[in-house]
Each structure stands twice: as C-alpha cells, then as structure tokens.
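The data block below is entry-v1.cif; it holds mmCIF, C-alpha atoms and all ligand atoms.
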```cif
data_data
loop_
_atom_site.label_atom_id
_atom_site.label_comp_id
_atom_site.auth_asym_id
_atom_site.auth_seq_id
_atom_site.Cartn_x
_atom_site.Cartn_y
_atom_site.Cartn_z
CA ARG D 1481 0.00 0.00 0.00
CA VAL D 1482 1.31 3.46 -0.94
CA ASP D 1483 0.30 6.30 1.39
CA VAL D 1484 1.05 9.15 -0.98
CA VAL D 1485 1.75 9.59 -4.69
CA THR D 1486 3.21 12.84 -5.89
CA LEU D 1487 3.88 14.09 -9.40
CA GLY D 1488 6.29 16.87 -10.28
CA GLU D 1489 9.55 18.05 -11.74
CA SER D 1490 12.70 17.26 -9.84
CA MET D 1491 15.86 19.10 -10.74
CA ILE D 1492 19.51 19.25 -9.94
CA LEU D 1493 20.26 22.19 -7.69
CA PHE D 1494 23.63 23.95 -7.69
CA GLN D 1495 24.39 26.10 -4.67
CA SER D 1496 27.57 28.00 -4.05
CA TYR D 1497 29.74 26.14 -1.59
CA ASN D 1498 30.48 29.23 0.46
CA GLN D 1499 27.02 30.76 0.07
CA GLY D 1500 28.68 33.49 -1.98
CA ALA D 1501 27.28 35.43 -4.92
CA LEU D 1502 26.49 33.33 -7.96
CA GLN D 1503 28.50 35.59 -10.22
CA TYR D 1504 31.80 35.18 -8.38
CA GLU D 1505 31.59 31.93 -6.49
CA PRO D 1506 33.80 29.29 -8.13
CA LEU D 1507 32.66 26.25 -6.13
CA PHE D 1508 29.24 24.64 -6.20
CA THR D 1509 27.59 21.71 -4.51
CA LYS D 1510 25.05 19.69 -6.38
CA SER D 1511 21.92 18.15 -4.91
CA LEU D 1512 18.33 17.32 -5.59
CA ALA D 1513 15.48 19.84 -5.65
CA GLY D 1514 11.83 19.94 -6.59
CA ALA D 1515 8.88 20.81 -4.42
CA GLU D 1516 7.10 17.47 -4.80
CA SER D 1517 10.18 15.34 -4.25
CA ASN D 1518 10.94 17.45 -1.16
CA VAL D 1519 7.50 16.50 0.15
CA ALA D 1520 8.13 12.87 -0.82
CA ILE D 1521 11.37 12.80 1.17
CA GLY D 1522 9.75 14.57 4.12
CA LEU D 1523 6.95 12.04 4.27
CA SER D 1524 9.27 9.10 3.77
CA ARG D 1525 11.41 10.24 6.70
CA LEU D 1526 8.24 10.40 8.76
CA GLY D 1527 7.52 6.76 7.99
CA LYS D 1528 5.09 7.06 5.09
CA LYS D 1529 5.26 5.00 1.92
CA VAL D 1530 5.62 7.46 -0.94
CA ARG D 1531 5.79 7.16 -4.71
CA TRP D 1532 7.28 9.98 -6.75
CA VAL D 1533 6.31 10.19 -10.40
CA GLY D 1534 7.86 12.50 -12.94
CA ARG D 1535 9.66 12.82 -16.25
CA LEU D 1536 13.44 13.04 -16.36
CA GLY D 1537 16.05 13.21 -19.08
CA SER D 1538 18.08 10.17 -20.04
CA ASP D 1539 21.12 11.85 -18.55
CA PRO D 1540 23.32 11.56 -15.45
CA PHE D 1541 21.28 14.23 -13.67
CA GLY D 1542 18.16 12.12 -14.19
CA ASP D 1543 20.07 9.18 -12.70
CA LEU D 1544 21.01 11.33 -9.72
CA VAL D 1545 17.39 12.31 -9.09
CA LEU D 1546 16.37 8.67 -9.06
CA THR D 1547 19.19 7.37 -6.89
CA THR D 1548 18.76 10.18 -4.37
CA LEU D 1549 15.03 9.60 -4.06
CA ALA D 1550 15.45 5.84 -3.91
CA GLY D 1551 18.09 6.33 -1.23
CA GLN D 1552 15.50 8.22 0.80
CA GLY D 1553 13.10 5.29 0.56
CA VAL D 1554 10.85 6.83 -2.11
CA ASP D 1555 9.39 4.53 -4.79
CA VAL D 1556 10.60 5.77 -8.18
CA SER D 1557 9.62 2.73 -10.21
CA HIS D 1558 7.02 4.71 -12.19
CA ALA D 1559 9.34 7.57 -13.18
CA VAL D 1560 9.64 8.14 -16.92
CA ARG D 1561 12.83 8.89 -18.85
CA ASP D 1562 12.64 11.07 -21.95
CA PRO D 1563 15.25 10.11 -24.55
CA GLU D 1564 15.38 13.61 -26.05
CA ALA D 1565 14.79 16.28 -23.42
CA PRO D 1566 17.08 16.97 -20.44
CA THR D 1567 16.63 16.96 -16.69
CA ALA D 1568 16.34 20.58 -15.53
CA VAL D 1569 18.82 22.38 -13.33
CA TYR D 1570 18.52 25.37 -11.05
CA PHE D 1571 20.83 27.66 -9.11
CA LYS D 1572 20.36 29.43 -5.82
CA ASP D 1573 21.90 32.85 -5.30
CA PHE D 1574 22.31 33.48 -1.61
CA LYS D 1575 21.69 37.04 -0.49
CA ARG D 1576 23.18 38.67 2.55
CA TYR D 1577 19.61 39.21 3.77
CA GLY D 1578 16.30 37.60 2.96
CA ASP D 1579 15.38 34.68 0.75
CA PRO D 1580 17.85 33.38 -1.82
CA ALA D 1581 17.09 34.23 -5.45
CA VAL D 1582 16.53 31.24 -7.73
CA TYR D 1583 17.50 30.88 -11.37
CA TYR D 1584 15.82 28.10 -13.33
CA TYR D 1585 17.09 26.35 -16.45
CA ARG D 1586 14.06 24.20 -17.07
CA LYS D 1587 12.47 25.37 -20.33
CA GLY D 1588 12.14 22.40 -22.67
CA SER D 1589 12.99 19.94 -19.89
CA ALA D 1590 11.65 16.38 -19.91
CA ALA D 1591 9.11 17.35 -17.23
CA SER D 1592 7.88 20.36 -19.19
CA ARG D 1593 6.78 17.99 -21.96
CA LEU D 1594 4.21 16.27 -19.76
CA SER D 1595 0.82 16.14 -21.43
CA PRO D 1596 -2.57 14.60 -20.54
CA ASP D 1597 -2.06 11.56 -22.82
CA MET D 1598 0.99 10.61 -20.73
CA ILE D 1599 -0.99 10.38 -17.49
CA ASP D 1600 -0.91 6.75 -16.49
CA GLU D 1601 -3.49 5.20 -14.20
CA SER D 1602 -0.90 2.83 -12.80
CA TRP D 1603 0.82 5.78 -11.09
CA LEU D 1604 -2.04 5.79 -8.58
CA GLU D 1605 -2.12 2.03 -8.06
CA ASP D 1606 -2.63 0.96 -4.42
CA ALA D 1607 -2.44 4.55 -3.26
CA GLY D 1608 -4.53 6.50 -0.77
CA HIS D 1609 -3.55 10.09 -1.48
CA LEU D 1610 -2.23 12.32 -4.27
CA HIS D 1611 -0.18 15.47 -3.63
CA VAL D 1612 0.42 18.01 -6.40
CA THR D 1613 1.62 21.60 -6.62
CA GLY D 1614 1.00 24.63 -8.78
CA ILE D 1615 4.53 24.38 -10.17
CA THR D 1616 3.88 21.51 -12.58
CA PRO D 1617 0.98 23.30 -14.35
CA ALA D 1618 3.35 26.19 -15.05
CA LEU D 1619 6.06 24.15 -16.73
CA GLY D 1620 4.84 23.56 -20.26
CA GLU D 1621 2.11 23.99 -22.78
CA HIS D 1622 0.21 20.88 -21.73
CA THR D 1623 1.23 20.40 -18.12
CA ALA D 1624 -1.80 22.15 -16.59
CA PRO D 1625 -4.37 19.85 -18.25
CA ALA D 1626 -2.12 16.91 -17.35
CA VAL D 1627 -2.18 17.81 -13.65
CA ARG D 1628 -5.92 18.38 -13.84
CA LYS D 1629 -6.40 14.96 -15.39
CA LEU D 1630 -4.38 13.23 -12.69
CA MET D 1631 -6.31 15.05 -9.93
CA GLU D 1632 -9.61 14.05 -11.52
CA LEU D 1633 -8.47 10.48 -11.91
CA ALA D 1634 -7.37 10.36 -8.29
CA ARG D 1635 -10.77 11.56 -7.12
CA GLU D 1636 -12.54 9.06 -9.32
CA LYS D 1637 -10.48 6.29 -7.79
CA GLY D 1638 -11.29 7.42 -4.25
CA LEU D 1639 -7.92 8.95 -3.35
CA THR D 1640 -7.82 12.14 -1.33
CA VAL D 1641 -5.93 15.00 -2.94
CA SER D 1642 -3.78 17.83 -1.60
CA PHE D 1643 -2.70 20.88 -3.53
CA ASP D 1644 -0.02 23.43 -2.67
CA PRO D 1645 -0.24 26.39 -5.06
CA ASN D 1646 3.52 27.00 -4.80
CA LEU D 1647 3.31 30.15 -6.87
CA ARG D 1648 6.46 30.57 -8.97
CA ARG D 1649 6.13 33.93 -10.65
CA LYS D 1650 9.18 33.34 -12.82
CA LEU D 1651 7.49 30.47 -14.60
CA TRP D 1652 4.33 32.05 -15.99
CA SER D 1653 2.23 35.17 -16.42
CA GLU D 1654 0.23 36.48 -13.48
CA GLU D 1655 -3.04 36.09 -15.26
CA THR D 1656 -2.53 32.50 -16.39
CA ALA D 1657 -1.15 31.58 -12.98
CA ARG D 1658 -4.16 33.01 -11.15
CA GLU D 1659 -6.71 31.47 -13.48
CA THR D 1660 -5.08 28.04 -13.57
CA LEU D 1661 -4.40 27.78 -9.84
CA LEU D 1662 -7.95 28.85 -8.98
CA SER D 1663 -9.35 26.29 -11.42
CA LEU D 1664 -7.51 23.44 -9.67
CA ILE D 1665 -8.61 24.26 -6.10
CA PRO D 1666 -12.04 22.55 -6.44
CA LEU D 1667 -10.23 19.29 -7.22
CA CYS D 1668 -8.47 19.03 -3.88
CA ASP D 1669 -9.47 18.06 -0.35
CA ILE D 1670 -6.58 19.84 1.33
CA PHE D 1671 -5.43 23.23 0.08
CA MET D 1672 -2.29 24.77 1.56
CA PRO D 1673 -1.58 28.30 0.40
CA GLY D 1674 0.71 30.87 1.99
CA ASP D 1675 -0.78 34.23 2.94
CA GLU D 1676 0.91 35.93 -0.02
CA GLU D 1677 -0.45 33.30 -2.38
CA ALA D 1678 -3.92 33.79 -0.94
CA GLU D 1679 -3.64 37.50 -1.63
CA PHE D 1680 -2.38 36.81 -5.15
CA LEU D 1681 -5.35 34.54 -5.82
CA LEU D 1682 -8.15 36.50 -4.16
CA GLY D 1683 -6.95 40.06 -3.66
CA HIS D 1684 -6.42 41.57 -0.23
CA ARG D 1685 -8.75 40.24 2.50
CA ASP D 1686 -8.34 39.29 6.11
CA ILE D 1687 -7.07 35.83 6.97
CA GLU D 1688 -10.47 34.44 8.04
CA ALA D 1689 -12.01 35.61 4.78
CA TYR D 1690 -9.33 33.79 2.76
CA GLY D 1691 -10.07 30.59 4.64
CA GLN D 1692 -13.81 30.85 4.10
CA ALA D 1693 -13.43 31.75 0.42
CA PHE D 1694 -11.17 28.77 -0.31
CA LEU D 1695 -13.46 26.38 1.62
CA LYS D 1696 -16.34 27.53 -0.56
CA MET D 1697 -14.41 26.40 -3.63
CA GLY D 1698 -14.48 22.78 -2.45
CA PRO D 1699 -11.54 21.75 -0.24
CA LYS D 1700 -12.45 20.36 3.18
CA ILE D 1701 -9.33 21.67 4.82
CA VAL D 1702 -7.48 24.89 4.14
CA ALA D 1703 -4.11 25.08 5.89
CA MET D 1704 -2.63 28.51 5.52
CA LYS D 1705 1.05 29.27 6.08
CA LEU D 1706 1.67 32.56 7.82
CA GLY D 1707 5.49 32.48 7.79
CA ALA D 1708 6.96 33.67 11.08
CA GLU D 1709 3.43 33.86 12.50
CA GLY D 1710 2.83 30.12 12.32
CA SER D 1711 -0.23 28.81 10.53
CA ILE D 1712 -4.00 28.64 10.62
CA GLY D 1713 -6.31 25.86 9.50
CA PHE D 1714 -9.92 26.08 8.41
CA THR D 1715 -12.65 23.47 8.15
CA GLU D 1716 -16.37 23.87 7.83
CA LYS D 1717 -16.65 23.71 11.61
CA ALA D 1718 -13.65 25.52 12.96
CA SER D 1719 -10.61 27.66 12.48
CA VAL D 1720 -7.52 26.66 14.43
CA ARG D 1721 -4.28 28.58 14.90
CA ALA D 1722 -0.90 27.01 15.56
CA GLU D 1723 1.97 29.03 16.98
CA PRO D 1724 5.30 29.18 15.14
CA PHE D 1725 8.47 27.46 16.32
CA LYS D 1726 11.51 29.55 17.06
CA VAL D 1727 14.18 29.47 14.35
CA ASP D 1728 17.61 29.72 15.97
CA ARG D 1729 19.69 30.04 12.84
CA LEU D 1730 17.91 31.03 9.67
CA ILE D 1731 19.94 29.68 6.75
CA ASP D 1732 17.76 28.88 3.77
CA THR D 1733 14.00 29.41 3.53
CA VAL D 1734 13.63 27.54 0.22
CA GLY D 1735 11.81 24.28 0.86
CA ALA D 1736 10.12 25.42 4.10
CA GLY D 1737 6.69 25.22 2.47
CA ASP D 1738 7.35 21.67 1.33
CA ALA D 1739 8.46 20.75 4.83
CA PHE D 1740 5.21 22.25 6.11
CA ALA D 1741 3.27 20.11 3.61
CA SER D 1742 5.05 16.92 4.73
CA GLY D 1743 4.40 17.63 8.39
CA LEU D 1744 0.77 18.46 7.77
CA LEU D 1745 0.07 15.46 5.58
CA SER D 1746 1.91 13.04 7.86
CA VAL D 1747 -0.65 13.76 10.58
CA LEU D 1748 -3.76 14.22 8.42
CA LEU D 1749 -3.19 10.92 6.63
CA GLU D 1750 -3.25 9.11 9.97
CA HIS D 1751 -6.89 10.22 10.10
CA ARG D 1752 -7.93 9.69 6.51
CA GLU D 1753 -11.51 8.79 7.36
CA GLN D 1754 -11.91 12.24 8.96
CA LEU D 1755 -10.74 13.95 5.78
CA THR D 1756 -14.03 13.20 4.16
CA GLU D 1757 -16.27 13.00 7.23
CA GLY D 1758 -15.07 16.13 8.97
CA LEU D 1759 -11.80 16.69 10.75
CA GLY D 1760 -11.62 17.15 14.50
CA GLU D 1761 -10.07 20.36 15.84
CA GLU D 1762 -7.45 18.47 17.82
CA VAL D 1763 -6.19 16.60 14.80
CA LEU D 1764 -6.07 19.80 12.77
CA HIS D 1765 -4.06 21.48 15.51
CA GLU D 1766 -1.66 18.56 15.77
CA ALA D 1767 -1.17 18.63 11.99
CA LEU D 1768 -0.50 22.38 11.90
CA HIS D 1769 1.80 22.15 14.90
CA ARG D 1770 3.90 19.45 13.27
CA ALA D 1771 3.82 21.33 9.96
CA ASN D 1772 5.15 24.46 11.66
CA LEU D 1773 7.89 22.44 13.33
CA LEU D 1774 9.02 20.94 10.03
CA GLY D 1775 8.92 24.32 8.30
CA SER D 1776 11.15 25.80 10.97
CA MET D 1777 13.56 22.86 10.80
CA ALA D 1778 13.92 23.12 7.03
CA THR D 1779 15.01 26.76 7.22
CA GLN D 1780 17.95 25.90 9.47
CA PHE D 1781 19.79 23.92 6.82
CA LYS D 1782 21.25 24.70 3.45
CA GLY D 1783 19.47 22.75 0.74
CA ASP D 1784 15.80 22.20 0.04
CA TRP D 1785 15.19 19.01 2.00
CA GLU D 1786 18.33 18.09 3.90
CA GLY D 1787 16.97 19.52 7.14
CA LEU D 1788 13.84 17.39 7.12
CA PRO D 1789 13.56 15.29 10.29
CA THR D 1790 12.81 11.66 10.96
CA LEU D 1791 9.81 10.69 13.07
CA ALA D 1792 12.12 10.03 16.02
CA GLU D 1793 13.57 13.53 15.74
CA VAL D 1794 10.10 15.07 15.59
CA ARG D 1795 9.03 13.11 18.64
CA GLY D 1796 12.19 14.17 20.44
CA VAL D 1797 11.37 17.86 19.96
CA LEU D 1798 7.66 17.53 20.67
CA ASP D 1799 8.19 15.41 23.79
CA GLY D 1800 10.73 17.97 24.99
CA GLU D 1801 8.00 20.61 24.77
CA LYS D 1802 5.92 18.82 27.37
CA HIS D 1803 8.61 18.89 30.08
O1 LIG D 1901 9.81 24.52 -2.78
C1 LIG D 1901 11.18 24.36 -3.01
C2 LIG D 1901 11.35 24.46 -4.47
O2 LIG D 1901 11.32 25.80 -4.82
C3 LIG D 1901 12.59 23.91 -5.01
O3 LIG D 1901 12.92 22.65 -4.50
C4 LIG D 1901 12.59 23.93 -6.49
O4 LIG D 1901 10.58 22.93 -7.21
C5 LIG D 1901 11.26 23.90 -7.16
C6 LIG D 1901 10.79 25.14 -7.76
O5 LIG D 1901 10.12 25.06 -8.78
O6 LIG D 1901 11.08 26.21 -7.25
#
```
File written out as structure tokens:
Amino acid sequence: RVDVVTLGESMILFQSYNQGALQYEPLFTKSLAGAESNVAIGLSRLGKKVRWVGRLGSDPFGDLVLTTLAGQGVDVSHAVRDPEAPTAVYFKDFKRYGDPAVYYYRKGSAASRLSPDMIDESWLEDAGHLHVTGITPALGEHTAPAVRKLMELAREKGLTVSFDPNLRRKLWSEETARETLLSLIPLCDIFMPGDEEAEFLLGHRDIEAYGQAFLKMGPKIVAMKLGAEGSIGFTEKASVRAEPFKVDRLIDTVGAGDAFASGLLSVLLEHREQLTEGLGEEVLHEALHRANLLGSMATQFKGDWEGLPTLAEVRGVLDGEKH
C-alpha cells in the first residue's frame, strides 16, 4: 500500500559552496530539488510510503534524481525517462539578507513535456492520497491539463488530494497563474496556500475571509502558512491557529513550504476517514503544529530538504515541549 503519490519536476540544484554570490563563487555543490520530491522525502522520513512520479532526461542528472530519491526510501519505479529532453537544473543565489534568489534552467525539460495523454493510471495504483503543486501546471504547454487529469483520476479512484499552489512567478504570467491555480482548487481536499499566495489569488482580504473563500471552492481543509506567524487551518466547523516554532539560525528558507506540507500530511493521513467526514479540531491542531515544526527545521539547513527530520527527531522535539 502506498500512502502518498506525488507528481512533479525534480531538478539538480547547484548552490555555491560558500554561500557566496552566484556571479563570483567558483565552487558549487550539487543536490536534488523539486517541491514534490521534497515533500516525498519529508513524508518518507516520517515513515510514510511514498511514490514519486515524474519525467526526467536520459542523462546523469536524471540518474542522480532517481538514486537520491530511492536512497531516501521513495518509490521511483514509475518515473519516466525522456530520450530527447534533459533533466532541468537550477541555481540558488544566496543574499546577505532575505530569501535566496533562484534561477531556473528548465524550459524544454523532460518534465515540461508532460501532457494529458501521458498520465498513467498505474501511477495511482494501491495509493490513498495524491499530492500536487502549482509548479507543474506552469512548466509547459500541456502540463496544466495533465495535472488536472491526474487530480480528476485520483478523485474518481477514491484517493484524497492535496494541492499546494507554490506560486512561482518566474514560470508564468500572473493572469494564467491566477486562473489556472484557482481552477484546480475545487479538485483538492486539502489546500495549503501561503498568505501571499492567498492574496495573489483572491486580492487583499483578512485571513479568516481567505479561509472561508477557499473552503467555498471545495476543499475540506485549508491550511494557511503565515510564515513567522505560524499557521491557521480552516474546516467547515472551525478555524484553528498554531503558533510558530523559534528558528535559531535562519539559513535557507527555500523548501520550508514543502516541509510544512510533509508535516501536515503526515498527521492528516493518519486520520484519513476524517478527511471526508469532517476533521476534529485536535487533529487539525496537531497537523499544523507538526507542519510548523518541520517548516522551521527546514530553514535551518542549506538545501531544500536536507533539514527534514525523521519521526524520532520530531518526537524528540515535541516530547521535549511537554517537560
Ligand atoms: O519549494 C522548493 C522548491 O522551490 C525547489 O525545490 C525547487 O521545485 C522547485 C521550484 O520550482 O522552485
């Protein structure tokens, strides 16, 4: 049985070894990146069975994506290799203050060629949940209908679906982004926007109003990331706030949202029956609390997923809280 299937583009990330400026830094480290594979690794470390599906080039970077994910216990047996198009790469430019800038080299990549006719039912075999992001729809001409098709298929087959809008302004126009992301929200059970994404999608409102507006579109749970303010979750019955965790050494915020998603899903999927029948406030709070913890942990490490904890590490921190 597979707990979670996720579809997306995974890339090779180059980061300057000394966290220096991209222009001058001569040394780079290479690792794996990709929002959905970050979530896959996060969930796998928390003891879930996860399958990552995506298209990669027939190149050494594609091999590296697969071996890294497999090494983290993620099932990659359904990944597809494209004989013609490459695996994408991306670079992080660390700033002295604030979030790193990212530079993508992913146009024409194997993943950007995904189209609805490539969606394969077997990807969802034996699975309970599908997680997708708003990055994949932005990648190519046919990737948005492909993601839509997989979400629809998942619902038909009785899987629950989560959707993180993961707005990447560099990848598409504002208008297309807004329209496409809004159109996918009704196909998910769990929607997890950040407050800035909520504002991008709906215009400025107060936090409660965002929650209510997204719930009206169809999801049963809206889990909203509020950055340093923690998070807030909405269901038909309640809204629940979870306080943030202290970040002792802020190093790299990229990947924090994916960490949040892994933490949240790891708890919610323990209560799958409640996802459709109505989630209890306590479970929602536990999920947000763990999500906040994972988000804070991810920012304290360089790299998009390296800081993600195991279940034992999570329990260690949370048990410590009680004493
Ligand atoms: O969420 C982290 C991602 O930004 C990173 O891993 C790369 O998927 C990625 C993207 O499109 O930015």
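Nearest residue to Pro1617 in chain D among D:Leu1487, D:Ser1511, D:Pro1666, D:Ile1712 is D:Leu1487, counting all atoms listed in the file.
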Hey, can you check how far CA of Leu1619 in chain D sits from CA of Ala1590 in chain D?
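Computing it gives 10.1 Å between the two atoms.
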Tell me, counting all atoms listed in the file, for each residue of chain D within 9 Å of ligand LIG 1901 (chain D), which pair of atoms is nearest and how far apart they are in Å to one decimal, in rows ordered by chain and increasing number, as CSV.
```
residue,atom,partner,partner_atom,distance
D:Gly1488,CA,D:LIG1901,O4,8.0
D:Glu1489,CA,D:LIG1901,O4,6.7
D:Ser1490,CA,D:LIG1901,O4,6.6
D:Met1491,CA,D:LIG1901,C4,7.2
D:Leu1493,CA,D:LIG1901,C4,8.0
D:Leu1512,CA,D:LIG1901,O3,7.7
D:Ala1513,CA,D:LIG1901,O3,4.0
D:Gly1514,CA,D:LIG1901,O4,3.3
D:Ala1515,CA,D:LIG1901,O4,3.9
D:Glu1516,CA,D:LIG1901,O4,6.9
D:Ser1517,CA,D:LIG1901,O3,7.8
D:Asn1518,CA,D:LIG1901,O3,6.5
D:Val1519,CA,D:LIG1901,O1,8.8
D:Tyr1570,CA,D:LIG1901,C4,7.6
D:Val1582,CA,D:LIG1901,O6,7.4
D:Tyr1583,CA,D:LIG1901,O6,8.9
D:Tyr1584,CA,D:LIG1901,O5,7.9
D:Ile1615,CA,D:LIG1901,O5,5.8
D:Thr1616,CA,D:LIG1901,O5,8.1
D:Leu1619,CA,D:LIG1901,O5,9.0
D:Asn1646,CA,D:LIG1901,O1,7.1
D:Leu1647,CA,D:LIG1901,O5,8.7
D:Arg1648,CA,D:LIG1901,O6,6.6
D:Leu1651,CA,D:LIG1901,O5,8.4
D:Thr1733,CA,D:LIG1901,C1,8.7
D:Val1734,CA,D:LIG1901,C1,5.2
D:Gly1735,CA,D:LIG1901,C1,3.9
D:Ala1736,CA,D:LIG1901,O1,6.9
D:Gly1737,CA,D:LIG1901,O1,6.1
D:Asp1738,CA,D:LIG1901,O1,5.6
D:Ala1739,CA,D:LIG1901,O1,8.6
D:Gly1783,CA,D:LIG1901,O3,8.4
D:Asp1784,CA,D:LIG1901,O3,5.4
D:Trp1785,CA,D:LIG1901,O3,7.8
```
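Taking all atoms listed in the file, the non-local environment of Val1556 in chain D within 7 Å (same-chain residues fewer than 5 positions away omitted) comprises Arg1531, Trp1532, Val1533, Leu1546 and Ala1550 of chain D.
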Could you check the closest approach to Gly1796 in chain D for each of D:Ser1742, D:Leu1773, D:Gly1620, D:Arg1635 and tell me which residue wins, using all atoms listed in the file?
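Of D:Ser1742, D:Leu1773, D:Gly1620, D:Arg1635, the one nearest Gly1796 in chain D, counting all atoms listed in the file, is D:Leu1773.
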CA of Lys1510 in chain D and CA of Asp1483 in chain D, how far apart in Å?
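Calculated distance between CA of Asp1483 in chain D and CA of Lys1510 in chain D is 29.2 Å.
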Which of these residues is nearest to Val1482 in chain D, using all atoms listed in the file: D:Ala1718, D:Leu1764, D:Val1530, D:Val1612?
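Among the listed residues, the smallest separation from Val1482 in chain D belongs to D:Val1530.
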How many Å lie between CA of Glu1636 in chain D and CA of Leu1604 in chain D, rounded to one decimal?
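Separation of CA of Glu1636 in chain D and CA of Leu1604 in chain D: 11.0 Å.
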Restricting the calculation to all atoms listed in the file, which member of D:Ala1568, D:Ala1708, D:Ala1618, D:Leu1507 is positioned closest to Ala1657 in chain D?
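With all atoms listed in the file as the atom set, the closest residue is D:Ala1618.
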